[in-house]
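Listing of model.cif; format and content: mmCIF, C-alpha atoms.
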```cif
data_input
loop_
_atom_site.group_PDB
_atom_site.id
_atom_site.type_symbol
_atom_site.label_atom_id
_atom_site.label_comp_id
_atom_site.auth_asym_id
_atom_site.auth_seq_id
_atom_site.Cartn_x
_atom_site.Cartn_y
_atom_site.Cartn_z
ATOM 1 C CA MET A 1 11.052 49.078 -8.891
ATOM 2 C CA ALA A 2 9.784 46.626 -6.269
ATOM 3 C CA VAL A 3 6.794 44.486 -7.174
ATOM 4 C CA ALA A 4 3.837 44.974 -4.803
ATOM 5 C CA GLU A 5 2.263 41.883 -3.261
ATOM 6 C CA PHE A 6 -1.001 42.086 -5.201
ATOM 7 C CA ASP A 7 0.825 42.809 -8.446
ATOM 8 C CA LEU A 8 2.959 39.722 -7.824
ATOM 9 C CA ILE A 9 -0.126 37.570 -7.287
ATOM 10 C CA ARG A 10 -1.936 38.980 -10.304
ATOM 11 C CA ARG A 11 1.086 38.687 -12.597
ATOM 12 C CA TYR A 12 2.197 35.159 -11.784
ATOM 13 C CA PHE A 13 -0.647 33.260 -10.126
ATOM 14 C CA ALA A 14 -4.069 34.765 -10.913
ATOM 15 C CA VAL A 15 -3.824 33.415 -14.435
ATOM 16 C CA HIS A 16 -7.421 32.365 -15.035
ATOM 17 C CA ALA A 17 -10.858 32.258 -13.478
ATOM 18 C CA PRO A 18 -11.797 28.981 -11.737
ATOM 19 C CA ARG A 19 -12.456 26.243 -14.284
ATOM 20 C CA HIS A 20 -13.388 23.277 -12.089
ATOM 21 C CA PRO A 21 -17.154 23.149 -11.438
ATOM 22 C CA PHE A 22 -16.597 22.757 -7.686
ATOM 23 C CA ASN A 23 -14.934 26.204 -7.514
ATOM 24 C CA GLN A 24 -17.284 29.190 -7.621
ATOM 25 C CA LEU A 25 -14.854 31.992 -6.733
ATOM 26 C CA GLY A 26 -11.071 32.024 -6.657
ATOM 27 C CA ILE A 27 -8.361 34.663 -6.295
ATOM 28 C CA GLY A 28 -9.550 38.237 -5.790
ATOM 29 C CA ASP A 29 -11.657 38.242 -2.607
ATOM 30 C CA ASP A 30 -10.907 37.589 1.048
ATOM 31 C CA CYS A 31 -11.924 33.945 0.663
ATOM 32 C CA ALA A 32 -12.565 31.472 -2.120
ATOM 33 C CA LEU A 33 -16.009 29.908 -2.475
ATOM 34 C CA LEU A 34 -16.344 26.170 -3.089
ATOM 35 C CA ASN A 35 -19.388 24.052 -3.942
ATOM 36 C CA LEU A 36 -18.954 20.453 -2.849
ATOM 37 C CA PRO A 37 -21.487 18.122 -4.502
ATOM 38 C CA ALA A 38 -24.036 16.346 -2.348
ATOM 39 C CA GLY A 39 -22.893 12.944 -1.160
ATOM 40 C CA HIS A 40 -19.179 13.850 -1.189
ATOM 41 C CA GLN A 41 -16.575 14.428 1.495
ATOM 42 C CA LEU A 42 -13.817 17.020 1.384
ATOM 43 C CA ALA A 43 -10.260 15.665 1.547
ATOM 44 C CA VAL A 44 -7.705 18.281 2.630
ATOM 45 C CA THR A 45 -3.914 18.047 2.837
ATOM 46 C CA ALA A 46 -1.074 20.529 3.323
ATOM 47 C CA ASP A 47 2.666 20.342 2.805
ATOM 48 C CA THR A 48 5.547 22.749 3.411
ATOM 49 C CA MET A 49 8.920 22.720 1.664
ATOM 50 C CA VAL A 50 11.846 24.702 3.090
ATOM 51 C CA GLU A 51 15.015 25.612 1.229
ATOM 52 C CA ASN A 52 18.020 23.482 2.290
ATOM 53 C CA VAL A 53 15.698 21.108 4.144
ATOM 54 C CA HIS A 54 13.439 19.775 1.368
ATOM 55 C CA PHE A 55 15.190 21.141 -1.710
ATOM 56 C CA PHE A 56 18.605 22.430 -2.700
ATOM 57 C CA ALA A 57 19.227 26.176 -2.897
ATOM 58 C CA ASP A 58 20.061 25.859 -6.600
ATOM 59 C CA ALA A 59 16.882 23.911 -7.461
ATOM 60 C CA ASP A 60 15.349 24.741 -10.833
ATOM 61 C CA PRO A 61 12.307 26.889 -9.880
ATOM 62 C CA GLU A 62 10.104 25.419 -12.632
ATOM 63 C CA LEU A 63 10.800 21.887 -11.422
ATOM 64 C CA LEU A 64 10.314 23.061 -7.833
ATOM 65 C CA GLY A 65 6.884 24.482 -8.655
ATOM 66 C CA HIS A 66 5.907 21.166 -10.220
ATOM 67 C CA LYS A 67 7.170 19.121 -7.282
ATOM 68 C CA LEU A 68 5.529 21.298 -4.634
ATOM 69 C CA LEU A 69 2.118 20.698 -6.182
ATOM 70 C CA ALA A 70 2.815 17.064 -7.089
ATOM 71 C CA VAL A 71 3.515 15.959 -3.518
ATOM 72 C CA ASN A 72 0.156 17.357 -2.410
ATOM 73 C CA LEU A 73 -1.761 15.816 -5.302
ATOM 74 C CA SER A 74 -0.088 12.528 -4.365
ATOM 75 C CA ASP A 75 -1.672 12.721 -0.895
ATOM 76 C CA LEU A 76 -5.098 13.188 -2.462
ATOM 77 C CA ALA A 77 -4.433 10.296 -4.849
ATOM 78 C CA ALA A 78 -3.664 8.051 -1.884
ATOM 79 C CA MET A 79 -7.138 8.833 -0.489
ATOM 80 C CA GLY A 80 -8.906 8.223 -3.796
ATOM 81 C CA ALA A 81 -9.888 11.899 -3.907
ATOM 82 C CA GLU A 82 -10.428 13.947 -7.061
ATOM 83 C CA PRO A 83 -8.304 17.117 -6.714
ATOM 84 C CA PHE A 84 -10.004 20.378 -7.607
ATOM 85 C CA ALA A 85 -8.461 23.304 -5.678
ATOM 86 C CA VAL A 86 -5.232 24.416 -4.014
ATOM 87 C CA THR A 87 -3.977 27.404 -2.060
ATOM 88 C CA LEU A 88 -0.352 28.537 -2.145
ATOM 89 C CA ALA A 89 1.641 30.427 0.496
ATOM 90 C CA LEU A 90 5.072 31.782 -0.476
ATOM 91 C CA THR A 91 7.673 33.144 1.913
ATOM 92 C CA LEU A 92 10.314 34.814 -0.251
ATOM 93 C CA PRO A 93 13.673 36.340 0.742
ATOM 94 C CA LYS A 94 13.282 38.755 -2.180
ATOM 95 C CA VAL A 95 11.154 39.260 -5.276
ATOM 96 C CA ASP A 96 13.034 37.595 -8.135
ATOM 97 C CA GLU A 97 10.767 37.916 -11.144
ATOM 98 C CA SER A 98 12.578 35.361 -13.312
ATOM 99 C CA TRP A 99 12.394 32.849 -10.443
ATOM 100 C CA LEU A 100 8.686 33.547 -9.911
ATOM 101 C CA GLU A 101 7.907 33.233 -13.608
ATOM 102 C CA ALA A 102 9.574 29.814 -13.824
ATOM 103 C CA PHE A 103 8.139 28.589 -10.487
ATOM 104 C CA SER A 104 4.594 29.615 -11.390
ATOM 105 C CA ARG A 105 4.933 27.978 -14.823
ATOM 106 C CA GLY A 106 5.846 24.603 -13.297
ATOM 107 C CA PHE A 107 3.088 24.893 -10.699
ATOM 108 C CA ILE A 108 0.315 26.067 -13.023
ATOM 109 C CA ASN A 109 1.168 23.608 -15.810
ATOM 110 C CA LEU A 110 0.739 20.639 -13.465
ATOM 111 C CA ALA A 111 -2.437 22.160 -12.013
ATOM 112 C CA ARG A 112 -3.916 22.422 -15.487
ATOM 113 C CA GLN A 113 -3.018 18.799 -16.261
ATOM 114 C CA HIS A 114 -5.247 17.730 -13.372
ATOM 115 C CA ASN A 115 -7.954 20.407 -13.772
ATOM 116 C CA VAL A 116 -6.996 21.963 -10.439
ATOM 117 C CA ASP A 117 -7.591 25.649 -9.693
ATOM 118 C CA LEU A 118 -5.311 27.863 -7.625
ATOM 119 C CA ILE A 119 -7.935 29.666 -5.559
ATOM 120 C CA GLY A 120 -5.920 31.717 -3.050
ATOM 121 C CA GLY A 121 -2.962 31.919 -0.695
ATOM 122 C CA ASP A 122 -0.511 34.391 0.759
ATOM 123 C CA THR A 123 2.911 35.944 0.197
ATOM 124 C CA THR A 124 5.330 37.285 2.765
ATOM 125 C CA SER A 125 9.020 38.029 3.271
ATOM 126 C CA GLY A 126 11.473 35.640 4.921
ATOM 127 C CA PRO A 127 13.551 32.488 4.302
ATOM 128 C CA LEU A 128 12.331 30.646 1.183
ATOM 129 C CA THR A 129 9.407 28.503 2.323
ATOM 130 C CA LEU A 130 6.658 27.077 0.114
ATOM 131 C CA THR A 131 3.326 25.770 1.401
ATOM 132 C CA VAL A 132 0.398 24.249 -0.454
ATOM 133 C CA GLN A 133 -3.007 23.220 0.833
ATOM 134 C CA ALA A 134 -4.792 20.905 -1.588
ATOM 135 C CA MET A 135 -8.447 19.915 -1.639
ATOM 136 C CA GLY A 136 -10.181 16.989 -3.245
ATOM 137 C CA ALA A 137 -13.605 15.360 -3.272
ATOM 138 C CA VAL A 138 -14.445 11.736 -2.631
ATOM 139 C CA PRO A 139 -17.865 10.050 -2.506
ATOM 140 C CA GLN A 140 -19.146 9.590 1.026
ATOM 141 C CA GLY A 141 -17.594 6.530 2.669
ATOM 142 C CA ARG A 142 -15.350 5.637 -0.301
ATOM 143 C CA ALA A 143 -12.092 7.305 0.736
ATOM 144 C CA LEU A 144 -9.040 5.040 0.737
ATOM 145 C CA LEU A 145 -7.617 4.771 4.259
ATOM 146 C CA ARG A 146 -4.513 3.291 5.852
ATOM 147 C CA SER A 147 -6.541 1.282 8.339
ATOM 148 C CA GLY A 148 -8.356 -1.250 6.136
ATOM 149 C CA ALA A 149 -5.721 -3.853 5.224
ATOM 150 C CA GLN A 150 -6.904 -7.433 5.780
ATOM 151 C CA VAL A 151 -4.964 -10.651 6.344
ATOM 152 C CA GLY A 152 -4.504 -12.302 2.952
ATOM 153 C CA ASP A 153 -4.543 -9.028 0.995
ATOM 154 C CA LEU A 154 -1.897 -8.685 -1.672
ATOM 155 C CA VAL A 155 0.416 -5.656 -1.449
ATOM 156 C CA TYR A 156 0.912 -3.683 -4.677
ATOM 157 C CA VAL A 157 2.926 -0.646 -5.734
ATOM 158 C CA THR A 158 2.566 1.538 -8.811
ATOM 159 C CA GLY A 159 5.594 2.445 -10.904
ATOM 160 C CA GLN A 160 9.153 1.714 -9.799
ATOM 161 C CA LEU A 161 10.930 2.074 -6.468
ATOM 162 C CA GLY A 162 14.132 3.937 -5.673
ATOM 163 C CA ASN A 163 14.453 6.174 -8.723
ATOM 164 C CA ALA A 164 14.025 9.393 -6.740
ATOM 165 C CA GLY A 165 16.401 8.113 -4.066
ATOM 166 C CA LEU A 166 18.977 7.474 -6.754
ATOM 167 C CA GLY A 167 18.319 10.947 -8.149
ATOM 168 C CA LEU A 168 19.191 12.409 -4.743
ATOM 169 C CA LYS A 169 22.419 10.413 -4.663
ATOM 170 C CA ILE A 170 23.290 11.729 -8.135
ATOM 171 C CA LYS A 171 22.698 15.287 -6.891
ATOM 172 C CA GLN A 172 25.070 14.482 -4.024
ATOM 173 C CA GLY A 173 27.819 13.265 -6.358
ATOM 174 C CA TYR A 174 27.096 9.648 -7.304
ATOM 175 C CA VAL A 175 28.038 8.941 -10.912
ATOM 176 C CA CYS A 176 25.350 7.017 -12.800
ATOM 177 C CA ALA A 177 25.658 5.684 -16.338
ATOM 178 C CA ASP A 178 22.105 6.772 -17.188
ATOM 179 C CA PRO A 179 20.958 9.499 -14.752
ATOM 180 C CA GLU A 180 18.027 10.909 -16.770
ATOM 181 C CA LEU A 181 15.204 8.784 -15.312
ATOM 182 C CA ALA A 182 16.417 9.080 -11.726
ATOM 183 C CA LEU A 183 16.776 12.850 -11.901
ATOM 184 C CA ARG A 184 13.370 13.222 -13.570
ATOM 185 C CA CYS A 185 11.720 11.157 -10.830
ATOM 186 C CA PHE A 186 13.488 13.177 -8.137
ATOM 187 C CA ASN A 187 12.670 16.563 -9.665
ATOM 188 C CA GLN A 188 9.287 15.927 -11.310
ATOM 189 C CA PRO A 189 7.322 13.171 -9.577
ATOM 190 C CA GLN A 190 4.051 12.321 -11.297
ATOM 191 C CA PRO A 191 1.152 12.059 -8.819
ATOM 192 C CA ARG A 192 -0.886 8.894 -9.377
ATOM 193 C CA VAL A 193 -4.242 10.656 -9.387
ATOM 194 C CA SER A 194 -5.995 8.448 -11.951
ATOM 195 C CA GLU A 195 -4.739 5.296 -10.228
ATOM 196 C CA GLY A 196 -6.062 6.513 -6.887
ATOM 197 C CA LEU A 197 -9.485 7.162 -8.387
ATOM 198 C CA ALA A 198 -9.470 3.712 -10.017
ATOM 199 C CA LEU A 199 -8.741 2.063 -6.651
ATOM 200 C CA ARG A 200 -11.917 3.337 -4.980
ATOM 201 C CA GLY A 201 -14.069 0.375 -4.093
ATOM 202 C CA ILE A 202 -11.186 -2.044 -4.791
ATOM 203 C CA ALA A 203 -8.316 -1.322 -2.403
ATOM 204 C CA ASN A 204 -8.695 -2.058 1.294
ATOM 205 C CA ALA A 205 -5.872 0.307 2.242
ATOM 206 C CA CYS A 206 -3.653 2.819 0.464
ATOM 207 C CA ILE A 207 -0.800 5.267 1.105
ATOM 208 C CA ASP A 208 1.576 7.271 -1.034
ATOM 209 C CA ILE A 209 5.282 6.458 -0.815
ATOM 210 C CA SER A 210 6.976 9.624 0.403
ATOM 211 C CA ASP A 211 9.348 8.228 3.059
ATOM 212 C CA GLY A 212 10.145 4.897 1.385
ATOM 213 C CA LEU A 213 8.085 1.743 0.904
ATOM 214 C CA ALA A 214 9.117 0.141 4.194
ATOM 215 C CA ALA A 215 8.207 3.150 6.345
ATOM 216 C CA ASP A 216 4.979 3.965 4.531
ATOM 217 C CA LEU A 217 3.747 0.384 4.345
ATOM 218 C CA GLY A 218 4.579 0.312 8.050
ATOM 219 C CA HIS A 219 1.922 2.999 8.603
ATOM 220 C CA ILE A 220 -0.661 0.770 6.935
ATOM 221 C CA LEU A 221 0.393 -2.202 9.060
ATOM 222 C CA GLN A 222 0.257 -0.212 12.285
ATOM 223 C CA GLN A 223 -3.120 1.364 11.628
ATOM 224 C CA SER A 224 -4.621 -1.888 10.309
ATOM 225 C CA GLY A 225 -3.238 -4.065 13.127
ATOM 226 C CA VAL A 226 -1.554 -6.529 10.740
ATOM 227 C CA GLY A 227 1.873 -7.455 9.382
ATOM 228 C CA ALA A 228 3.314 -8.112 5.942
ATOM 229 C CA CYS A 229 5.966 -10.036 4.084
ATOM 230 C CA LEU A 230 7.576 -8.482 1.017
ATOM 231 C CA GLN A 231 9.225 -10.473 -1.772
ATOM 232 C CA TRP A 232 12.545 -8.872 -2.724
ATOM 233 C CA ASP A 233 12.608 -10.404 -6.204
ATOM 234 C CA ASN A 234 9.250 -8.796 -7.036
ATOM 235 C CA LEU A 235 10.288 -5.198 -6.329
ATOM 236 C CA PRO A 236 9.960 -3.111 -9.525
ATOM 237 C CA LEU A 237 13.395 -1.555 -10.067
ATOM 238 C CA SER A 238 14.813 0.412 -12.976
ATOM 239 C CA ALA A 239 18.072 -0.678 -14.583
ATOM 240 C CA SER A 240 19.858 2.275 -12.974
ATOM 241 C CA VAL A 241 18.657 1.391 -9.467
ATOM 242 C CA ALA A 242 19.617 -2.263 -10.015
ATOM 243 C CA GLU A 243 23.045 -1.084 -11.171
ATOM 244 C CA PHE A 244 23.434 1.052 -8.036
ATOM 245 C CA ILE A 245 22.566 -1.936 -5.831
ATOM 246 C CA ASN A 246 25.032 -4.180 -7.665
ATOM 247 C CA HIS A 247 27.833 -1.625 -7.266
ATOM 248 C CA SER A 248 27.109 -0.530 -3.710
ATOM 249 C CA GLY A 249 25.591 -3.655 -2.172
ATOM 250 C CA ASP A 250 22.929 -1.398 -0.630
ATOM 251 C CA TRP A 251 19.856 -3.516 -1.380
ATOM 252 C CA ARG A 252 17.837 -1.581 1.234
ATOM 253 C CA MET A 253 17.972 1.687 -0.737
ATOM 254 C CA PRO A 254 14.801 1.252 -2.847
ATOM 255 C CA LEU A 255 12.897 0.298 0.323
ATOM 256 C CA ILE A 256 13.957 3.242 2.476
ATOM 257 C CA ALA A 257 14.608 6.086 0.002
ATOM 258 C CA GLY A 258 11.915 8.762 -0.086
ATOM 259 C CA ASP A 259 10.289 10.925 -2.760
ATOM 260 C CA ASP A 260 8.979 8.117 -4.988
ATOM 261 C CA TYR A 261 5.362 9.344 -4.682
ATOM 262 C CA GLU A 262 4.044 6.059 -5.979
ATOM 263 C CA LEU A 263 1.020 4.392 -4.372
ATOM 264 C CA CYS A 264 1.253 1.375 -2.100
ATOM 265 C CA PHE A 265 -2.060 -0.402 -1.611
ATOM 266 C CA THR A 266 -3.574 -3.688 -0.497
ATOM 267 C CA VAL A 267 -6.358 -5.586 -2.230
ATOM 268 C CA PRO A 268 -8.079 -8.949 -1.758
ATOM 269 C CA ALA A 269 -6.423 -11.608 -3.889
ATOM 270 C CA ASP A 270 -9.539 -12.035 -6.033
ATOM 271 C CA CYS A 271 -9.545 -8.328 -7.018
ATOM 272 C CA SER A 272 -6.135 -8.234 -8.679
ATOM 273 C CA HIS A 273 -7.653 -8.491 -12.179
ATOM 274 C CA ALA A 274 -9.366 -5.109 -11.779
ATOM 275 C CA LEU A 275 -6.298 -3.088 -10.789
ATOM 276 C CA PRO A 276 -4.550 -0.240 -12.591
ATOM 277 C CA ALA A 277 -0.987 -1.009 -13.696
ATOM 278 C CA ALA A 278 0.913 -2.068 -10.576
ATOM 279 C CA THR A 279 3.251 -4.760 -9.244
ATOM 280 C CA CYS A 280 2.467 -7.259 -6.488
ATOM 281 C CA VAL A 281 5.315 -7.089 -3.963
ATOM 282 C CA GLY A 282 4.001 -8.984 -0.957
ATOM 283 C CA ILE A 283 1.140 -10.193 1.200
ATOM 284 C CA ILE A 284 -0.583 -9.052 4.395
ATOM 285 C CA GLU A 285 -0.162 -11.455 7.320
ATOM 286 C CA ALA A 286 -1.585 -11.750 10.807
ATOM 287 C CA GLU A 287 1.798 -11.614 12.566
ATOM 288 C CA PRO A 288 2.652 -7.953 13.299
ATOM 289 C CA GLY A 289 5.692 -6.323 11.746
ATOM 290 C CA LEU A 290 7.304 -6.143 8.314
ATOM 291 C CA ARG A 291 9.369 -8.992 6.927
ATOM 292 C CA MET A 292 11.423 -9.462 3.775
ATOM 293 C CA ARG A 293 11.835 -12.683 1.815
ATOM 294 C CA LYS A 294 15.202 -12.511 0.064
ATOM 295 C CA ALA A 295 17.363 -15.343 -1.308
ATOM 296 C CA GLY A 296 15.060 -17.912 0.266
ATOM 297 C CA ARG A 297 15.249 -16.422 3.774
ATOM 298 C CA VAL A 298 12.648 -14.395 5.666
ATOM 299 C CA GLU A 299 13.937 -11.736 8.043
ATOM 300 C CA ALA A 300 12.409 -8.846 9.970
ATOM 301 C CA PHE A 301 12.789 -5.490 8.263
ATOM 302 C CA GLU A 302 12.590 -2.418 10.461
ATOM 303 C CA VAL A 303 12.989 1.189 9.389
ATOM 304 C CA LYS A 304 11.795 4.582 10.528
ATOM 305 C CA GLY A 305 10.595 7.261 8.140
ATOM 306 C CA PHE A 306 12.049 10.741 7.824
ATOM 307 C CA GLU A 307 11.820 12.739 11.072
ATOM 308 C CA HIS A 308 11.893 16.535 10.779
ATOM 309 C CA PHE A 309 12.905 17.057 14.411
ATOM 310 C CA SER A 310 15.298 14.148 14.964
#
```

Is it possible to give me this structure as structure tokens?
Amino acid sequence: MAVAEFDLIRRYFAVHAPRHPFNQLGIGDDCALLNLPAGHQLAVTADTMVENVHFFADADPELLGHKLLAVNLSDLAAMGAEPFAVTLALTLPKVDESWLEAFSRGFINLARQHNVDLIGGDTTSGPLTLTVQAMGAVPQGRALLRSGAQVGDLVYVTGQLGNAGLGLKIKQGYVCADPELALRCFNQPQPRVSEGLALRGIANACIDISDGLAADLGHILQQSGVGACLQWDNLPLSASVAEFINHSGDWRMPLIAGDDYELCFTVPADCSHALPAATCVGIIEAEPGLRMRKAGRVEAFEVKGFEHFS
């Protein structure tokens, strides 16, 4: 027997009443009702993932549910916003109840970790397409932007670079001695929500690393009207990524590979003592463009991010 749309929603996604105090009414009416506290701004982001474009057809649905939400929470983290609500739109080629059960489990478990309510959405029939709109709150005037980097700021990144890119290469056939970390980072990125909140009032500029450090830092440089020099030896790399570079000679990989979902941010040099755990990888300079200091030489480093319509 086919599962009706509202039965599908009730069975897999309407799992609890809203718990976050900003959410008054969730799934069950034509609209959700939200109460944003006085003195706060609403941060809103949306992201769509399409089968065979953003994920493999054989992707584990539980991991996919986690990742779909994580990439949106990462956007809110980059703005210093506290996430509190999401909507979910599913376009499904068919109703596969085992797939839905696993997908909803991955999605809801991550939502609960961050006290985020699923407050609405839509389901329809068609090629597998997953869309989330995420909402967060940030005190008036304290959102982290891409446009505030200042000459002399230090450039920091959370976590490690290139693990998710290596995970993709493993999925495509690369043999790695220790693939566990890379595959976990590729399949289950952890949004840096607490780090983003801690950076409010400290960071001059911030972005999440979805298209690779070089491309995403490039957005900060462009919108701030500055340049930067990165120090290759300071890049935080796992042993597996370092091994890949040694074997392949592709030292650019951790700079251009996407899906890390770490934060890249700039801070005045005298604020570094107040930062969450992060690694200093460079400095903001007046000369436009991105440069790399490697083996004692400084060279221009140019890269474009992922283009959906290229």

Task: Result set, the PyMOL selection byres ((chain A and resi 271-286) around 6) on current file, as an MDAnalysis selection string - done: chainID A and resid 151:158 226:231 234:235 268:270 287

Task: Ground truth for the PyMOL selection byres ((chain A and resi 27-41) around 7), written as a PyMOL selection string - done: chain A and resi 14+22-26+42-43+119-120+137-140

- [ ] Would you list the residues near (4.3, 19.8, -8.5) (no more than 7 Å away, in the coordinates of the file, using only C-alpha atoms) as a list of chain:residue names?
- [x] A:Leu64, A:Gly65, A:His66, A:Lys67, A:Leu68, A:Leu69, A:Ala70, A:Val71, A:Gly106, A:Phe107, A:Leu110, A:Gln188

Open item on the list: Here is a test: counting all atoms listed in the file, which residue of A:Thr123, A:Val116, A:Met49, A:Glu62 is nearest to Asn187 of chain A?
Closed with: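 Selected residue with least distance to Asn187 of chain A: A:Glu62.
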
Open item on the list: Which residues would end up in the selection if the PyMOL selection byres ((chain A and resi 179) around 10) were applied here, given that I need the answer as a VMD selection string?
Closed with: chain A and resid 163 166 to 167 170 to 171 174 to 178 180 to 184 240 to 241

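The coordinates place atom CA of Pro254 of chain A at 7.3 Å from atom CA of Gly212 of chain A.
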
With 4 Å of padding per side, what axis-aligned box (centre and edge lengths, Å, one decimal) covers all the listed atoms of segment 22-39 of chain A? Give it as AutoDock Vina command-line options.
```
--center_x -16.2 --center_y 25.6 --center_z -3.3 --size_x 23.7 --size_y 33.3 --size_z 16.7
```

Open item on the list: Could you check the closest approach to Leu213 of chain A for each of A:Ser238, A:Thr124, A:Gln190, A:Gln160 and tell me which residue wins, using all atoms listed in the file?
Closed with: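 Checking each candidate against Leu213 of chain A, we get A:Gln160 as the closest.
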
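Coordinates place atom CA of Val95 of chain A at a distance of 27.3 Å from atom CA of Thr45 of chain A.
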
TODO: Please measure the separation of atom CA of Leu130 of chain A and atom CA of Leu118 of chain A, giving the value in Å to one decimal.
DONE: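 These atoms are spaced 14.3 Å apart.
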
TODO: Determine the nearest neighbour of Gln133 of chain A from the options A:Ala239, A:Leu199, A:Val86, A:Leu63, counting all atoms listed in the file.
DONE: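 Of A:Ala239, A:Leu199, A:Val86, A:Leu63, the one nearest Gln133 of chain A, counting all atoms listed in the file, is A:Val86.
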
Open item on the list: Considering all atoms listed in the file, can you say which of A:Lys169, A:Arg291, A:Arg146, A:His54 comes closest to Leu221 of chain A?
Closed with: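 Selected residue with least distance to Leu221 of chain A: A:Arg146.
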
TODO: List the residues sitting within 12 Å of (12.3, 8.4, 1.3) in the file's frame, using only C-alpha atoms, as a PyMOL selection string.
DONE: chain A and resi 54+161-169+186+208-216+252-262+303-307

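Shortest atom-to-atom contact with Phe265 of chain A among A:Asn52, A:Ser147, A:Gln113, A:Asn204: A:Asn204, counting all atoms listed in the file.
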